[in-house]
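Engineer: I am attaching a structure below and will ask some questions about it afterwards.
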Number of protein chains: 2
Amino acid sequence: MRNDAKRTTIYDIAALAGASPSAVSAVLNGSWQKRRLSRSLADRVLRIAEQEGYAVNAQASLLRRERSHIIGMIVPKYDNRYFGHIAEEFEAMARDRNLFPVVTCTQRDPELEFEAAKELVSYQAECLISTGATDPDRISAFCKASGVQSINLDLPGTLAPSVISDNHAAARDLTHLIMDRCASDLGWAGPLRFVGGRREDHNTSARIAGFEAAHADRGIAIPEDHIMARGYSAQTARSLLDDFAPEGPTGLFVNSTISLEGVVQWHAGLGAARSRVRYGCFDFDPFGSFLPGNVGMVEQDVGKMLETAFALVGERAANMETIRVPCRLLPF
Amino acid sequence: MRNDAKRTTIYDIAALAGASPSAVSAVLNGSWQKRRLSRSLADRVLRIAEQEGYAVNAQASLLRRERSHIIGMIVPKYDNRYFGHIAEEFEAMARDRNLFPVVTCTQRDPELEFEAAKELVSYQAECLISTGATDPDRISAFCKASGVQSINLDLPGTLAPSVISDNHAAARDLTHLIMDRCASDLGWAGPLRFVGGRREDHNTSARIAGFEAAHADRGIAIPEDHIMARGYSAQTARSLLDDFAPEGPTGLFVNSTISLEGVVQWHAGLGAARSRVRYGCFDFDPFGSFLPGNVGMVEQDVGKMLETAFALVGERAANMETIRVPCRLLPF
DNA sequence: CAAGTTTGCACAATCGATTGTGCAACGAAT
DNA sequence: ATTCGTTGCACAATCGATTGTGCAAACTTG
């Protein structure tokens with residue numbers, strides 16, 4: 001337990017134990033029986049290692065080993081339950097599989113995404129999961145060139161297998177739920193407004209398609225200006241709605257909990273008209289069901305998505321298919 | 001861009017460029033001018049490296065270098081805004097300082113906390129920030145033995161400097177806010193109930209002390225059974241309140257957003273009595289202000305906490321002092 | 001043109017752990 | 001007493017990058 005500036009190495013321990021570094025290494029990594037070292041040597045080495053507060057130098061160890069057992073993930077943000085849940089579950093599942101998870105958060109910044117991916121490859125990650133990446137194919141191309149497996153999550157790419165939510169189906173279901181509640185609570189048939197996200201974004205466009213399909217199911221036309229998808233932030237949602245003071249009943253499809261924050265701010269400022277508004281949100285938040293006017297949320301099946309992704313880890317024959325995982329609709 | 005199973009190394013590039021590995025290394029890590037290599041060699045090497053999709057082997061590089069520039073953090077959960085915000089901000093600030101952040105989530109499991117700390121030390125982290133650790137001193141002791149700096153965040157320890165919220169002051173302020181609103185809205189003076197957390201836990205006990213101080217300020221006694229601190233989960237909070245059907249006005253101090261989920265569930269089930277309940281919560285959630293009955297929240301100053309912690313990074317003369325960062329009280 | 005200086009690069013040691021191989025010492029079998 | 005198998009361990013090469021040092025060739029100066 002001395003406190004030299006330098007870290008204890010197997011050479012220090014070897015000297016203290018009167019053994020060779022290779023013997024110490026074998027004891028410390030558990031392969032000593034295979035190398036026919038005596039139990040007494042093993043005990044001695046383990047005791048000394050404990051005393052000296054030895055911790056293996058992973059850099060040195062990994063340099064020599066063939067596999068790193070590191071699995072990387074990049075995530076845009078931790079600021080909502082969805083990505084937080086993904087990161088947490090990813091780590092737990094990685095540990096269950098005896099992998100060392102390294103998650104890094106890239107702030108929705110395409111350059112940072114790519115830099116982070118390169119760093120993870122530098123650290124010899126065996127597989128990289130790109131979650132909600134702006135440009136997943138750029139990352140996949142780089143990984144492929146380095147011989148590293150890559151998998152897309154939440155947003156699909158074309159150069160790696162992708163696991164995403166079934167946005168279309170869930171959006172359609174949610175739209176029907178909101179319209180049902182508008183009908184029963186307000187005696188109003190639609191059309192709803194779609195708030196939040198970006199049209200160019202894959203998920204948003206799939207959700208808009210589901211939203212439109214539900215309206216088509218009911219033979220209701222959607223005016224052009226009812227699709228308000230010009231950004232994710234709460235601010236954006238709020239300012240989009242700023243000059244919208246509904247006279248009659250209104251229904252909204254909100255595209256994320258981040259946008260929902262803006263919608264709820266707007267809703268809170270409506271006064272008496274508040275009671276004639278119903279909305280639902282694509283994405284779950286535990287406080288969602290207590291927000292007045294909220295009729296339901298879509299919860300993406302993070303556990304299933306990650307299980308599906310982990311099933312692909314290590315697969316050599318990766319076809320570039322996109323796997324869609326069903327969501328859960330939670331009516332309130 | 002060939003796709004051999006093996007990763008491209010400086011030796012491969014050296015062969016292709018007709019140069020020595022050391023020259024390639026110098027070019028790729030930017031020290032080529034210092035080594036007086038010609039620009040033409042540098043350009044050639046860079047071009048080949050690009051073509052071959054070269055990525056440095058961080059393990060090999062770090063093994064030789066003296067500093068790793070890795071900074072580690074352990075975090076209990078990502079399931080609320082507070083820890084999510086901490087992790088995200090930590091990563092951003094680490095990158096700003098040219099450090100490589102590695103965050104790992106330990107599920108409030110003491111063993112996992114320690115294992116994760118050991119892993120981060122193995123990866124040669126230069127500093128480890130233990131956030132909300134169950135047993136921070138065990139981690140600090142291990143770090144010290146390995147010559148690694150450690151810093152506690154959110155929960156204090158005695159073997160490393162700690163940066164925590166000023167729980168006492170903020171709890172006192174929040175208690176006053178809730179009591180003020182109980183007085184003005186309900187014409188009721190208290191005493192409030194304290195819901196969530198664990199008495200043994202440092203933060204909870206500081207908050208209880210602040211809660212009691214506010215009552216003392218007003219000369220109000222708190223019955224023993226009004227302190228309901230037997231766990232953090234929403235379930236716990238809910239079941240604690242399950243058989244509490246208030247007849248008159250009631251006020252609650254809720255100790256975390258997780259507990260708040262349980263409180264809000266209970267509140268929603270109260271029926272007409274709902275309007276005679278006021279509560280406030282220690283911790284922020286963006287949907288908090290829209291929850292009926294919620295009169296305010298305490299937002300911990302994550303930015304300031306992390307700045308304070310980062311100011312300690314690299315400090316040799318670390319005194320084991322606990323630094324308390326003021327919180328923001330947000331009245332609704 | 002000789003001596004000194006600068007330019008441009010290669011060589012080899014090194015970081016700490018892993019792992020294939022070799023080799024004494026010892027006991028058993030003949 | 002010789003041969004053979006086993007036990008218990010040490011030696012040395014290796015992973016890929018970094019870095020101190022050395023040394024030709026080119027260039028400058030007198």
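Within each chain, counting starts at residue 1; across the structure tokens, chains are named A, B, ... in the order shown, with ligands numbered 1 upward in that order.
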Find the spatial neighbours of region 40-55 of chain A, counting only C-alpha atoms (C1' of nucleotides), within a cut-off of 6 Å - ignore same-chain residues fewer than 3 positions away - and output them as an NGL selection string.
Structural biologist: (:A and (1 or 8 or 27)) or (:B and (122 or 145))
Engineer: Dump N, CA and C atoms for the selected residues as a PDB file, in the first residue's frame?
Structural biologist:
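Contents of the output file selection-v2.pdb:
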ATOM      1  N   MET A   1       0.837  -1.215   0.000  1.00  0.00           N
ATOM      2  CA  MET A   1       0.000   0.000   0.000  1.00  0.00           C
ATOM      3  C   MET A   1       0.861   1.251   0.000  1.00  0.00           C
ATOM      4  N   THR A   8       2.009   0.174  -9.348  1.00  0.00           N
ATOM      5  CA  THR A   8       2.640  -1.136  -9.170  1.00  0.00           C
ATOM      6  C   THR A   8       2.469  -1.972 -10.435  1.00  0.00           C
ATOM      7  N   VAL A  27      -0.648 -15.736 -12.552  1.00  0.00           N
ATOM      8  CA  VAL A  27      -1.434 -15.802 -11.321  1.00  0.00           C
ATOM      9  C   VAL A  27      -2.539 -14.751 -11.364  1.00  0.00           C
TER      10      VAL A  27
ATOM     11  N   SER B 122      -7.632   0.769 -14.100  1.00  0.00           N
ATOM     12  CA  SER B 122      -6.900  -0.099 -15.021  1.00  0.00           C
ATOM     13  C   SER B 122      -6.666   0.580 -16.360  1.00  0.00           C
ATOM     14  N   ALA B 145      -4.146   4.315  -3.382  1.00  0.00           N
ATOM     15  CA  ALA B 145      -3.134   3.261  -3.445  1.00  0.00           C
ATOM     16  C   ALA B 145      -2.569   3.122  -4.851  1.00  0.00           C
TER      17      ALA B 145
END
Engineer: If the cut-off is 7 Å, can you tell me the residues of chain A near chain D, counting only C-alpha atoms (C1' of nucleotides)? I'd like them as JSON, numbers by chain.
Structural biologist: {"A": [20, 36, 37, 38, 63, 64]}
Engineer: Write the residues of the preceding selection, restricted to N, CA, C and O atoms, as an mmCIF file, in the first residue's frame.
Structural biologist:
data_model
loop_
_atom_site.group_PDB
_atom_site.id
_atom_site.type_symbol
_atom_site.label_atom_id
_atom_site.label_comp_id
_atom_site.auth_asym_id
_atom_site.auth_seq_id
_atom_site.Cartn_x
_atom_site.Cartn_y
_atom_site.Cartn_z
ATOM 1 N N SER A 20 9.068 -14.768 -11.293
ATOM 2 C CA SER A 20 9.245 -14.092 -12.569
ATOM 3 C C SER A 20 7.971 -13.319 -12.922
ATOM 4 O O SER A 20 6.878 -13.693 -12.506
ATOM 5 N N ARG A 36 0.587 -24.596 -14.723
ATOM 6 C CA ARG A 36 1.143 -25.492 -13.692
ATOM 7 C C ARG A 36 1.991 -24.758 -12.669
ATOM 8 O O ARG A 36 3.095 -25.199 -12.314
ATOM 9 N N LEU A 37 1.479 -23.637 -12.199
ATOM 10 C CA LEU A 37 2.179 -22.953 -11.102
ATOM 11 C C LEU A 37 1.632 -23.487 -9.795
ATOM 12 O O LEU A 37 0.467 -23.888 -9.711
ATOM 13 N N SER A 38 2.450 -23.488 -8.781
ATOM 14 C CA SER A 38 2.006 -24.067 -7.505
ATOM 15 C C SER A 38 1.036 -23.127 -6.809
ATOM 16 O O SER A 38 1.099 -21.909 -6.962
ATOM 17 N N LEU A 63 -2.991 -4.584 -25.370
ATOM 18 C CA LEU A 63 -2.073 -4.513 -26.511
ATOM 19 C C LEU A 63 -1.646 -5.923 -26.934
ATOM 20 O O LEU A 63 -1.518 -6.221 -28.108
ATOM 21 N N ARG A 64 -1.462 -6.766 -25.955
ATOM 22 C CA ARG A 64 -0.972 -8.105 -26.244
ATOM 23 C C ARG A 64 -2.088 -9.075 -26.602
ATOM 24 O O ARG A 64 -1.901 -9.963 -27.422
#
Engineer: May I ask you to extract the residues of chain A within 8 Å of chain B, using only C-alpha atoms, and to give them as a VMD selection string?
Structural biologist: chain A and resid 1 to 8 52 to 60 62 to 63 77 to 81 84 to 85 87 to 88 91 101 to 105 118 121 to 124 142 144 to 147 261 264 268 286 to 288 290 to 291
Engineer: Compile the contact shell of Ser25 (chain B) as a PyMOL selection string: residues with an atom at most 9 Å away, counting only C-alpha atoms (C1' of nucleotides), same-chain residues fewer than 3 positions apart removed.
Structural biologist: (chain B and resi 10+14+20-22+28-32) or (chain D and resi 17-18)
Engineer: Just N, CA, C and O atoms (P, O5', C5', C4', C3', O3' and C1' of nucleotides) for this one: save the residues we selected as a compact mmCIF listing (two decimals), in the first residue's frame.
Structural biologist:
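As a result, selection-v2.txt now contains:
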# COMPACT_ATOMS: atom_id res chain seq x y z
N ILE B 10 1.37 1.60 -37.87
CA ILE B 10 2.38 2.48 -38.44
C ILE B 10 3.41 1.68 -39.23
O ILE B 10 4.05 2.22 -40.13
N ALA B 14 4.55 2.58 -42.83
CA ALA B 14 5.98 2.81 -43.05
C ALA B 14 6.43 2.03 -44.29
O ALA B 14 7.14 2.57 -45.15
N SER B 20 10.51 4.98 -42.07
CA SER B 20 10.61 4.18 -40.84
C SER B 20 9.36 4.37 -39.99
O SER B 20 8.70 5.40 -40.07
N PRO B 21 9.04 3.40 -39.16
CA PRO B 21 7.88 3.51 -38.28
C PRO B 21 7.97 4.75 -37.39
O PRO B 21 6.96 5.39 -37.13
N SER B 22 9.16 5.08 -36.95
CA SER B 22 9.26 6.23 -36.06
C SER B 22 8.90 7.52 -36.80
O SER B 22 8.26 8.40 -36.25
N LEU B 28 2.14 11.21 -37.73
CA LEU B 28 0.75 11.01 -37.36
C LEU B 28 0.39 11.65 -36.03
O LEU B 28 -0.77 11.99 -35.80
N ASN B 29 1.36 11.82 -35.16
CA ASN B 29 0.98 12.48 -33.91
C ASN B 29 1.38 13.96 -33.90
O ASN B 29 1.31 14.63 -32.88
N GLY B 30 1.79 14.44 -35.05
CA GLY B 30 1.98 15.88 -35.17
C GLY B 30 3.32 16.41 -34.70
O GLY B 30 3.56 17.61 -34.72
N SER B 31 4.20 15.50 -34.28
CA SER B 31 5.48 15.99 -33.76
C SER B 31 6.56 15.99 -34.85
O SER B 31 7.74 16.04 -34.54
N TRP B 32 6.15 15.93 -36.08
CA TRP B 32 7.14 15.76 -37.15
C TRP B 32 8.03 16.99 -37.35
O TRP B 32 9.19 16.86 -37.70
P DA D 17 0.26 1.72 -34.28
O5' DA D 17 1.02 2.73 -33.32
C5' DA D 17 0.30 3.25 -32.21
C4' DA D 17 1.25 3.83 -31.19
C3' DA D 17 2.01 5.08 -31.65
O3' DA D 17 1.72 6.11 -30.73
C1' DA D 17 3.47 3.49 -30.65
P DT D 18 2.24 7.58 -30.94
O5' DT D 18 3.54 7.60 -30.02
C5' DT D 18 3.39 7.37 -28.64
C4' DT D 18 4.74 7.48 -27.95
C3' DT D 18 5.53 8.75 -28.23
O3' DT D 18 6.01 9.19 -26.97
C1' DT D 18 6.88 6.88 -28.63
Engineer: Name the residues in contact with Ala183 (chain B) at a cut-off of 12 Å, using only C-alpha atoms (C1' of nucleotides), excluding same-chain residues fewer than 3 positions from it; report them as an MDAnalysis selection string.
Structural biologist: chainID B and resid 176:180 186:192 249:251 276:278
Engineer: Within 9 Å of chain A, which residues belong to chain C? Use only C-alpha atoms (C1' of nucleotides) and report them as a list in words.
Structural biologist: DC15, DG16, DA17, DT18 and DT19 of chain C
Engineer: Please indicate the distance in Å from CA of Gly231 (chain A) to CA of Glu212 (chain A), rounded to one decimal place.
Structural biologist: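 These atoms are spaced 19.2 Å apart.
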Engineer: List the neighbours of Pro110 (chain A) out to 7 Å using only C-alpha atoms (C1' of nucleotides); skip same-chain residues closer than 3 positions along the sequence, and give me the result as a PyMOL selection string.
Structural biologist: chain A and resi 113-114+134-135
Engineer: Taking the DSSP secondary structure from the backbone, can you list the residues of region 194-274 of chain B that are strand (DSSP E or B), as a list in words?
Structural biologist: Phe194, Val195, Gly197, Arg198, Ile227, Met228, Arg230, Gly231, Thr250, Gly251, Leu252, Phe253 and Val254 of chain B
Engineer: Could you write those residues out with N, CA, C and O atoms, as a CSV table (one decimal), in the first residue's frame?
Structural biologist:
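What ended up in result_29.csv:
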chain,number,residue,atom,x,y,z
B,194,PHE,N,-42.3,15.0,5.1
B,194,PHE,CA,-41.1,14.8,4.3
B,194,PHE,C,-41.1,13.4,3.7
B,194,PHE,O,-41.2,12.4,4.4
B,195,VAL,N,-41.1,13.3,2.3
B,195,VAL,CA,-41.3,12.0,1.7
B,195,VAL,C,-40.1,11.7,0.8
B,195,VAL,O,-39.7,12.4,-0.1
B,197,GLY,N,-36.3,9.2,0.1
B,197,GLY,CA,-34.9,9.2,0.5
B,197,GLY,C,-34.7,8.3,1.7
B,197,GLY,O,-35.6,7.6,2.1
B,198,ARG,N,-33.5,8.3,2.2
B,198,ARG,CA,-33.1,7.5,3.4
B,198,ARG,C,-32.4,8.3,4.4
B,198,ARG,O,-31.5,9.1,4.1
B,227,ILE,N,-41.8,12.4,9.1
B,227,ILE,CA,-40.6,12.2,8.3
B,227,ILE,C,-40.6,10.8,7.7
B,227,ILE,O,-40.4,9.8,8.4
B,228,MET,N,-41.0,10.7,6.4
B,228,MET,CA,-41.2,9.4,5.8
B,228,MET,C,-40.0,9.2,4.8
B,228,MET,O,-40.2,9.4,3.6
B,230,ARG,N,-37.9,6.3,3.7
B,230,ARG,CA,-37.6,4.9,3.8
B,230,ARG,C,-37.2,4.3,2.4
B,230,ARG,O,-37.4,3.2,2.1
B,231,GLY,N,-36.8,5.2,1.5
B,231,GLY,CA,-36.4,4.7,0.2
B,231,GLY,C,-36.6,5.7,-0.9
B,231,GLY,O,-37.4,6.7,-0.7
B,250,THR,N,-52.9,19.7,3.4
B,250,THR,CA,-51.6,19.0,3.5
B,250,THR,C,-50.5,19.6,2.7
B,250,THR,O,-50.8,20.1,1.6
B,251,GLY,N,-49.3,19.5,3.2
B,251,GLY,CA,-48.2,19.9,2.4
B,251,GLY,C,-47.1,18.9,2.5
B,251,GLY,O,-46.8,18.2,3.5
B,252,LEU,N,-46.4,18.7,1.4
B,252,LEU,CA,-45.3,17.6,1.3
B,252,LEU,C,-44.0,18.2,0.8
B,252,LEU,O,-44.0,19.0,-0.2
B,253,PHE,N,-43.0,17.8,1.4
B,253,PHE,CA,-41.6,18.0,0.9
B,253,PHE,C,-41.1,16.7,0.2
B,253,PHE,O,-41.0,15.7,0.9
B,254,VAL,N,-41.0,16.7,-1.1
B,254,VAL,CA,-40.6,15.5,-1.8
B,254,VAL,C,-39.1,15.5,-2.1
B,254,VAL,O,-38.6,16.5,-2.6
Engineer: For CA of Thr322 (chain B) and CA of Asn152 (chain B), determine how far apart the two atoms are, in Å to one decimal place.
Structural biologist: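 That distance, rounded to one decimal, is 8.9 Å.
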Engineer: Taking only region 81-211 of chain A into account, list the residues labelled alpha helix (DSSP H) by DSSP (computed from the backbone), as a ChimeraX atom specification.
Structural biologist: /A:81-96,110-122,136-145,167-181,202-211
Engineer: Would you save the residues from that selection as a short mmCIF file (atom, residue, chain, number, x, y, z; two decimals), in the first residue's frame, using C-alpha atoms?
Structural biologist:
data_model
loop_
_atom_site.label_atom_id
_atom_site.label_comp_id
_atom_site.auth_asym_id
_atom_site.auth_seq_id
_atom_site.Cartn_x
_atom_site.Cartn_y
_atom_site.Cartn_z
CA ARG A 81 -35.60 9.30 -20.58
CA TYR A 82 -35.30 7.54 -23.86
CA PHE A 83 -31.58 7.98 -24.41
CA GLY A 84 -30.85 7.77 -20.71
CA HIS A 85 -32.63 4.46 -20.61
CA ILE A 86 -30.77 3.25 -23.68
CA ALA A 87 -27.38 4.11 -22.21
CA GLU A 88 -28.17 2.52 -18.89
CA GLU A 89 -29.59 -0.65 -20.37
CA PHE A 90 -26.74 -0.89 -22.84
CA GLU A 91 -24.19 -0.81 -20.06
CA ALA A 92 -26.00 -3.44 -18.04
CA MET A 93 -26.41 -5.77 -21.00
CA ALA A 94 -22.80 -5.32 -22.03
CA ARG A 95 -21.59 -6.24 -18.56
CA ASP A 96 -23.86 -9.29 -18.56
CA PRO A 110 -22.07 15.43 -36.55
CA GLU A 111 -18.38 16.24 -36.20
CA LEU A 112 -18.30 15.18 -32.58
CA GLU A 113 -20.11 11.99 -33.51
CA PHE A 114 -17.41 11.12 -35.98
CA GLU A 115 -14.57 12.11 -33.68
CA ALA A 116 -16.03 10.05 -30.87
CA ALA A 117 -16.41 7.08 -33.18
CA LYS A 118 -12.78 7.36 -34.18
CA GLU A 119 -11.73 7.52 -30.57
CA LEU A 120 -13.69 4.40 -29.74
CA VAL A 121 -12.08 2.59 -32.63
CA SER A 122 -8.70 3.77 -31.38
CA PRO A 136 -24.48 6.83 -39.41
CA ASP A 137 -23.07 5.78 -42.78
CA ARG A 138 -19.99 7.91 -42.37
CA ILE A 139 -19.29 6.15 -39.11
CA SER A 140 -20.05 2.73 -40.55
CA ALA A 141 -17.68 3.34 -43.45
CA PHE A 142 -14.90 4.29 -41.11
CA CYS A 143 -15.55 1.29 -38.90
CA LYS A 144 -15.56 -1.05 -41.83
CA ALA A 145 -12.21 0.29 -43.01
CA ASN A 167 -42.32 4.55 -36.01
CA HIS A 168 -44.99 4.28 -38.63
CA ALA A 169 -47.20 1.80 -36.84
CA ALA A 170 -46.85 3.47 -33.47
CA ALA A 171 -47.52 6.91 -34.90
CA ARG A 172 -50.62 5.61 -36.60
CA ASP A 173 -51.88 4.04 -33.39
CA LEU A 174 -51.14 7.15 -31.38
CA THR A 175 -52.91 9.32 -33.93
CA HIS A 176 -55.98 7.11 -33.72
CA LEU A 177 -55.89 7.29 -29.94
CA ILE A 178 -55.75 11.07 -29.95
CA MET A 179 -58.54 11.30 -32.51
CA ASP A 180 -60.67 8.88 -30.54
CA ARG A 181 -60.27 10.99 -27.45
CA HIS A 202 -35.99 9.54 -40.88
CA ASN A 203 -37.98 8.99 -37.73
CA THR A 204 -39.99 12.14 -38.05
CA SER A 205 -40.90 11.37 -41.63
CA ALA A 206 -41.97 7.84 -40.72
CA ARG A 207 -44.10 9.25 -37.95
CA ILE A 208 -45.64 11.82 -40.23
CA ALA A 209 -46.47 9.01 -42.63
CA GLY A 210 -48.18 7.10 -39.81
CA PHE A 211 -49.98 10.26 -38.78
#
